[in-house]
>>> print(open('my_file21.cif').read())   # mmCIF, C-alpha atoms
data_work
loop_
_atom_site.label_atom_id
_atom_site.label_comp_id
_atom_site.auth_asym_id
_atom_site.auth_seq_id
_atom_site.Cartn_x
_atom_site.Cartn_y
_atom_site.Cartn_z
CA ALA A 1 102.97 106.07 -169.22
CA THR A 2 103.67 102.70 -170.77
CA GLY A 3 103.95 101.16 -174.22
CA ILE A 4 103.80 103.46 -177.24
CA TYR A 5 102.96 106.45 -175.03
CA LYS A 6 106.19 106.03 -173.06
CA GLU A 7 108.21 105.36 -176.21
CA ARG A 8 107.14 108.62 -177.84
CA MET A 9 107.44 110.62 -174.61
CA ASP A 10 110.97 109.28 -174.13
CA ALA A 11 111.86 110.12 -177.75
CA MET A 12 110.53 113.67 -177.44
CA SER A 13 112.36 114.15 -174.11
CA ALA A 14 115.63 112.90 -175.62
CA MET A 15 115.32 115.25 -178.59
CA GLY A 16 114.36 118.14 -176.32
CA LYS A 17 117.47 117.61 -174.22
CA VAL A 18 119.65 117.64 -177.35
CA ILE A 19 118.04 120.88 -178.55
CA LYS A 20 118.56 122.48 -175.14
CA ASP A 21 122.21 121.38 -174.93
CA LEU A 22 123.04 122.40 -178.49
CA SER A 23 121.20 125.73 -178.10
CA ALA A 24 123.67 126.77 -175.39
CA MET A 25 126.53 125.79 -177.69
CA MET A 26 125.08 127.71 -180.64
CA ARG A 27 124.70 130.83 -178.48
CA GLY A 28 128.32 130.57 -177.34
CA GLU A 29 127.35 129.82 -173.73
CA THR A 30 129.30 126.55 -173.83
CA ASP A 31 132.32 125.54 -175.89
CA TYR A 32 131.60 124.50 -179.45
CA ASP A 33 132.19 120.77 -179.94
CA PRO A 34 131.52 119.36 -183.43
CA VAL A 35 131.53 115.79 -182.09
CA LYS A 36 128.71 116.64 -179.66
CA VAL A 37 126.81 118.32 -182.50
CA GLN A 38 127.16 115.18 -184.63
CA GLU A 39 126.08 112.93 -181.76
CA GLY A 40 123.07 115.15 -181.07
CA ALA A 41 122.14 115.24 -184.74
CA ARG A 42 122.29 111.45 -184.93
CA LEU A 43 120.06 111.12 -181.87
CA ILE A 44 117.48 113.42 -183.46
CA GLN A 45 117.71 111.43 -186.71
CA SER A 46 117.04 108.22 -184.81
CA HIS A 47 113.69 109.63 -183.63
CA ALA A 48 112.68 111.59 -186.76
CA GLY A 49 110.93 110.65 -190.00
CA GLU A 50 109.18 107.29 -189.96
CA ALA A 51 110.73 106.48 -186.56
CA MET A 52 108.57 109.32 -185.22
CA THR A 53 105.37 108.73 -187.14
CA VAL A 54 105.14 105.05 -186.15
CA LYS A 55 104.93 106.21 -182.53
CA PHE A 56 101.62 107.96 -183.27
CA PRO A 57 99.25 105.17 -184.36
CA GLU A 58 95.53 105.85 -184.70
CA GLY A 59 93.69 105.69 -181.40
CA THR A 60 96.53 106.88 -179.17
CA THR A 61 95.07 110.25 -178.27
CA GLU A 62 93.75 109.40 -174.82
CA LYS A 63 95.62 109.98 -171.55
CA PRO A 64 98.46 109.75 -170.78
CA SER A 65 99.04 111.18 -174.26
CA GLU A 66 99.89 114.87 -174.46
CA ALA A 67 99.84 114.79 -178.26
CA ARG A 68 97.57 117.26 -180.00
CA ALA A 69 94.64 116.05 -182.10
CA GLU A 70 96.05 117.94 -185.12
CA ILE A 71 98.65 115.21 -185.52
CA TRP A 72 95.93 112.85 -186.74
CA SER A 73 93.61 115.42 -188.34
CA ASP A 74 96.50 116.81 -190.45
CA TRP A 75 98.57 113.64 -190.77
CA GLU A 76 100.13 114.79 -194.06
CA ALA A 77 101.59 117.91 -192.41
CA PHE A 78 102.81 115.90 -189.42
CA THR A 79 104.57 113.31 -191.57
CA ALA A 80 106.10 116.07 -193.72
CA LEU A 81 107.49 117.79 -190.61
CA ALA A 82 108.80 114.48 -189.24
CA GLU A 83 110.62 113.87 -192.54
CA GLN A 84 111.87 117.45 -192.65
CA LEU A 85 113.29 117.00 -189.14
CA LYS A 86 115.14 113.91 -190.34
CA LYS A 87 116.63 115.71 -193.36
CA ASN A 88 117.56 118.80 -191.35
CA SER A 89 119.23 116.72 -188.64
CA GLU A 90 121.15 114.80 -191.33
CA GLY A 91 122.31 118.17 -192.63
CA LEU A 92 123.27 119.23 -189.10
CA GLU A 93 125.45 116.16 -188.71
CA LYS A 94 127.19 116.94 -192.01
CA ALA A 95 127.61 120.65 -191.15
CA ALA A 96 128.98 120.07 -187.65
CA SER A 97 132.60 120.69 -188.65
CA ASN A 98 131.72 124.03 -190.28
CA GLY A 99 131.49 125.89 -186.97
CA LEU A 100 129.41 128.89 -186.05
CA ALA A 101 128.73 131.67 -188.54
CA MET A 102 128.93 134.50 -186.09
CA GLY A 103 130.74 133.12 -183.07
CA GLY A 104 127.52 132.16 -181.35
CA GLN A 105 125.66 135.35 -182.22
CA THR A 106 123.04 134.20 -184.71
CA SER A 107 120.72 136.46 -186.62
CA GLY A 108 117.20 135.80 -187.84
CA SER A 109 118.15 137.32 -191.19
CA MET A 110 120.89 134.80 -191.98
CA MET A 111 120.87 131.41 -193.65
CA GLY A 112 117.52 131.59 -195.40
CA THR A 113 115.49 133.00 -192.55
CA GLU A 114 113.42 136.12 -192.38
CA ASN A 115 112.46 137.52 -188.99
CA GLY A 116 113.47 134.22 -187.43
CA MET A 117 111.08 132.14 -189.56
CA MET A 118 112.13 129.88 -192.37
CA MET A 119 111.27 130.98 -195.88
CA GLY A 120 108.20 129.28 -197.22
CA GLY A 121 105.53 130.96 -195.13
CA GLN A 122 102.82 129.58 -192.95
CA SER A 123 100.42 126.90 -194.06
CA GLY A 124 98.58 123.94 -192.62
CA LEU A 125 97.62 123.09 -189.08
CA MET A 126 101.11 122.22 -187.94
CA GLY A 127 102.39 125.77 -188.15
CA GLY A 128 103.96 126.18 -191.54
CA SER A 129 106.48 124.87 -193.96
CA GLN A 130 110.08 125.58 -194.80
CA THR A 131 111.83 125.61 -198.11
CA MET A 132 113.18 122.05 -198.15
CA MET A 133 116.91 121.72 -198.63
CA SER A 134 118.72 118.42 -198.96
CA PRO A 135 121.17 117.29 -196.29
CA ASP A 136 123.99 117.82 -198.80
CA GLN A 137 122.89 121.41 -199.38
CA LEU A 138 122.72 122.00 -195.64
CA ALA A 139 126.21 120.51 -195.23
CA SER A 140 127.80 123.63 -196.69
CA MET A 141 126.10 126.01 -194.24
CA PRO A 142 127.40 127.20 -190.88
CA THR A 143 126.37 124.80 -188.13
CA ASP A 144 124.25 127.33 -186.26
CA GLY A 145 122.24 128.10 -189.40
CA VAL A 146 121.39 124.42 -189.83
CA PHE A 147 120.70 124.03 -186.11
CA ASN A 148 118.20 126.89 -186.35
CA MET A 149 116.41 124.98 -189.10
CA VAL A 150 116.25 121.85 -186.92
CA ALA A 151 114.91 123.84 -183.96
CA GLN A 152 112.35 125.65 -186.14
CA THR A 153 111.09 122.32 -187.47
CA CYS A 154 110.55 121.16 -183.88
CA SER A 155 108.81 124.44 -183.08
CA ALA A 156 106.58 124.26 -186.18
CA CYS A 157 105.27 120.88 -185.12
CA HIS A 158 104.73 121.90 -181.51
CA THR A 159 102.94 125.05 -182.63
#
>>> encode(input="my_file21.cif", output="C-alpha cells")
Amino acid sequence: ATGIYKERMDAMSAMGKVIKDLSAMMRGETDYDPVKVQEGARLIQSHAGEAMTVKFPEGTTEKPSEARAEIWSDWEAFTALAEQLKKNSEGLEKAASNGLAMGGQTSGSMMGTENGMMMGGQSGLMGGSQTMMSPDQLASMPTDGVFNMVAQTCSACHT
C-alpha cells in the first residue's frame, strides 16, 4: 500500500496497538500507568475526527483498501463515529489519573453501559450510536469506563 491507503492503514494499526496495550492494563494484566493511558489517548486523538475522515476520500475503495463500502454510503454515520472517537479519547486522556473502577475487573453494567453496549441503541449502517458525553463529563469517570467507550466506538465503526 502507498499514499492515502498506507496512511490510513498505518493510522488504524497504530490505534489498534494502543487499544490492545491499554486493554491489558484495563483488565489488570499489566500495571496501570496513567502516563501510558494519556499517551495512548493522545495517539488515538491524533488519528480521530477529521484526521480520520480526510484519509477516506471518494474513490479510494479499490485494492489495496480494506475499507468497507458503508463508509461512503453512510458518510454521516462514519463522520459521527470518527468525531465521537475523538471526544471519547479526549475524555480518556483527562480521566487517566482516575484509575480503574474495579481494580481491572470491569462490568458491562457500569458507567452507562447495558449488557456491554453503550446506551443509545443501534441505528445506522455503522453499528449504532452512543449517548454522547463531553470530554469534561468523561473526565470524572473511572479510566476503564471511559476506555470501554473508546473501544466500543472503534467496534461500532468496524461492525
>>> closest_residue(input="my_file21.cif", among="A:Gln137, A:Asn88, A:Gln152, A:Thr143", to="Ala48 of chain A", atoms="only C-alpha atoms")
A:Asn88
>>> closest_residue(input="my_file21.cif", among="A:Gly59, A:Pro135, A:Gly49, A:Pro34", to="Leu100 of chain A", atoms="only C-alpha atoms")
A:Pro34
>>> resolve_selection(input="my_file21.cif", expression="the PyMOL selection byres ((chain A and resi 85) around 9)", output="ChimeraX atom specification")
/A:44-45,48-49,80-84,86-90,149-151,153-154
>>> closest_residue(input="my_file21.cif", among="A:Gln38, A:Thr159, A:Ser134, A:Thr60", to="Ser97 of chain A", atoms="only C-alpha atoms")
A:Gln38
>>> residues_around(input="my_file21.cif", residues="Glu58 of chain A", least_positions_apart="6", cutoff="12 Å", atoms="all atoms listed in the file", output="PyMOL selection string")
chain A and resi 4+67+69+71-73+75
>>> closest_residue(input="my_file21.cif", among="A:Gly3, A:Pro64, A:Gly28, A:Gly40", to="Gly16 of chain A", atoms="all atoms listed in the file")
A:Gly40
>>> atom_distance(input="my_file21.cif", atom1="atom CA of Leu92 of chain A", atom2="atom CA of Val146 of chain A")
5.6 Å
>>> residues_around(input="my_file21.cif", residues="segment 21-27 of chain A", least_positions_apart="2", cutoff="7 Å", atoms="all atoms listed in the file", output="count of residues only")
11
>>> closest_residue(input="my_file21.cif", among="A:Arg68, A:Lys63, A:Met141, A:Phe147", to="Thr2 of chain A", atoms="all atoms listed in the file")
A:Lys63
>>> decode(input="my_file21.cif", residues="segment 70-100 of chain A", atoms="N, CA, C and O atoms", output="tab-separated table (two decimals), in the first residue's frame")
chain	number	residue	atom	x	y	z
A	70	GLU	N	-19.63	0.83	3.24
A	70	GLU	CA	-20.55	1.59	4.10
A	70	GLU	C	-19.97	2.91	4.56
A	70	GLU	O	-20.71	3.83	4.91
A	71	ILE	N	-18.64	3.01	4.58
A	71	ILE	CA	-18.02	4.28	4.98
A	71	ILE	C	-18.54	5.40	4.08
A	71	ILE	O	-18.90	6.47	4.56
A	72	TRP	N	-18.59	5.14	2.79
A	72	TRP	CA	-19.00	6.17	1.84
A	72	TRP	C	-20.52	6.20	1.65
A	72	TRP	O	-21.08	7.27	1.44
A	73	SER	N	-21.19	5.06	1.78
A	73	SER	CA	-22.64	5.06	1.59
A	73	SER	C	-23.37	5.61	2.82
A	73	SER	O	-24.51	6.06	2.70
A	74	ASP	N	-22.71	5.60	3.98
A	74	ASP	CA	-23.29	6.19	5.19
A	74	ASP	C	-22.25	7.12	5.82
A	74	ASP	O	-21.84	6.96	6.96
A	75	TRP	N	-21.81	8.08	5.00
A	75	TRP	CA	-20.76	9.01	5.40
A	75	TRP	C	-21.09	9.75	6.69
A	75	TRP	O	-20.22	9.97	7.54
A	76	GLU	N	-22.35	10.13	6.86
A	76	GLU	CA	-22.76	10.85	8.07
A	76	GLU	C	-22.48	10.03	9.33
A	76	GLU	O	-21.97	10.54	10.32
A	77	ALA	N	-22.80	8.74	9.29
A	77	ALA	CA	-22.55	7.88	10.45
A	77	ALA	C	-21.05	7.72	10.68
A	77	ALA	O	-20.59	7.73	11.83
A	78	PHE	N	-20.29	7.55	9.60
A	78	PHE	CA	-18.85	7.41	9.72
A	78	PHE	C	-18.21	8.65	10.34
A	78	PHE	O	-17.40	8.55	11.26
A	79	THR	N	-18.59	9.82	9.86
A	79	THR	CA	-18.00	11.05	10.40
A	79	THR	C	-18.43	11.25	11.86
A	79	THR	O	-17.64	11.74	12.67
A	80	ALA	N	-19.66	10.86	12.19
A	80	ALA	CA	-20.11	10.98	13.58
A	80	ALA	C	-19.29	10.06	14.49
A	80	ALA	O	-18.90	10.46	15.60
A	81	LEU	N	-19.02	8.84	14.04
A	81	LEU	CA	-18.22	7.93	14.85
A	81	LEU	C	-16.77	8.41	14.96
A	81	LEU	O	-16.16	8.29	16.03
A	82	ALA	N	-16.23	8.97	13.88
A	82	ALA	CA	-14.86	9.50	13.93
A	82	ALA	C	-14.78	10.65	14.95
A	82	ALA	O	-13.81	10.74	15.71
A	83	GLU	N	-15.78	11.50	14.97
A	83	GLU	CA	-15.82	12.61	15.93
A	83	GLU	C	-16.04	12.09	17.35
A	83	GLU	O	-15.45	12.60	18.31
A	84	GLN	N	-16.89	11.09	17.49
A	84	GLN	CA	-17.13	10.50	18.80
A	84	GLN	C	-15.85	9.87	19.34
A	84	GLN	O	-15.55	10.00	20.53
A	85	LEU	N	-15.08	9.22	18.48
A	85	LEU	CA	-13.81	8.65	18.90
A	85	LEU	C	-12.87	9.74	19.41
A	85	LEU	O	-12.19	9.55	20.41
A	86	LYS	N	-12.86	10.86	18.74
A	86	LYS	CA	-12.01	11.98	19.17
A	86	LYS	C	-12.44	12.47	20.56
A	86	LYS	O	-11.60	12.61	21.45
A	87	LYS	N	-13.73	12.70	20.75
A	87	LYS	CA	-14.23	13.18	22.04
A	87	LYS	C	-13.98	12.15	23.15
A	87	LYS	O	-13.55	12.52	24.25
A	88	ASN	N	-14.24	10.89	22.87
A	88	ASN	CA	-14.03	9.86	23.88
A	88	ASN	C	-12.56	9.72	24.24
A	88	ASN	O	-12.22	9.54	25.41
A	89	SER	N	-11.67	9.83	23.25
A	89	SER	CA	-10.25	9.73	23.56
A	89	SER	C	-9.76	10.97	24.30
A	89	SER	O	-8.85	10.87	25.14
A	90	GLU	N	-10.35	12.13	24.04
A	90	GLU	CA	-10.03	13.33	24.84
A	90	GLU	C	-10.46	13.10	26.28
A	90	GLU	O	-9.74	13.46	27.22
A	91	GLY	N	-11.63	12.50	26.46
A	91	GLY	CA	-12.09	12.18	27.81
A	91	GLY	C	-11.19	11.16	28.48
A	91	GLY	O	-10.92	11.26	29.69
A	92	LEU	N	-10.70	10.19	27.72
A	92	LEU	CA	-9.79	9.18	28.28
A	92	LEU	C	-8.50	9.84	28.78
A	92	LEU	O	-8.02	9.51	29.86
A	93	GLU	N	-7.98	10.75	28.01
A	93	GLU	CA	-6.77	11.46	28.45
A	93	GLU	C	-7.02	12.18	29.77
A	93	GLU	O	-6.21	12.12	30.70
A	94	LYS	N	-8.16	12.84	29.88
A	94	LYS	CA	-8.49	13.60	31.09
A	94	LYS	C	-8.78	12.69	32.28
A	94	LYS	O	-8.54	13.06	33.42
A	95	ALA	N	-9.29	11.49	32.02
A	95	ALA	CA	-9.66	10.56	33.10
A	95	ALA	C	-8.52	9.65	33.52
A	95	ALA	O	-8.67	8.88	34.48
A	96	ALA	N	-7.39	9.73	32.85
A	96	ALA	CA	-6.30	8.79	33.09
A	96	ALA	C	-5.85	8.71	34.55
A	96	ALA	O	-5.50	7.65	35.04
A	97	SER	N	-5.87	9.82	35.25
A	97	SER	CA	-5.42	9.83	36.65
A	97	SER	C	-6.47	9.28	37.61
A	97	SER	O	-6.18	9.10	38.80
A	98	ASN	N	-7.67	8.99	37.12
A	98	ASN	CA	-8.74	8.50	38.00
A	98	ASN	C	-8.56	7.05	38.41
A	98	ASN	O	-9.11	6.61	39.40
A	99	GLY	N	-7.83	6.27	37.61
A	99	GLY	CA	-7.62	4.87	37.93
A	99	GLY	C	-8.81	4.01	37.55
A	99	GLY	O	-9.80	4.47	36.98
A	100	LEU	N	-8.67	2.73	37.87
A	100	LEU	CA	-9.67	1.74	37.49
A	100	LEU	C	-10.79	1.66	38.53
A	100	LEU	O	-10.53	1.73	39.72
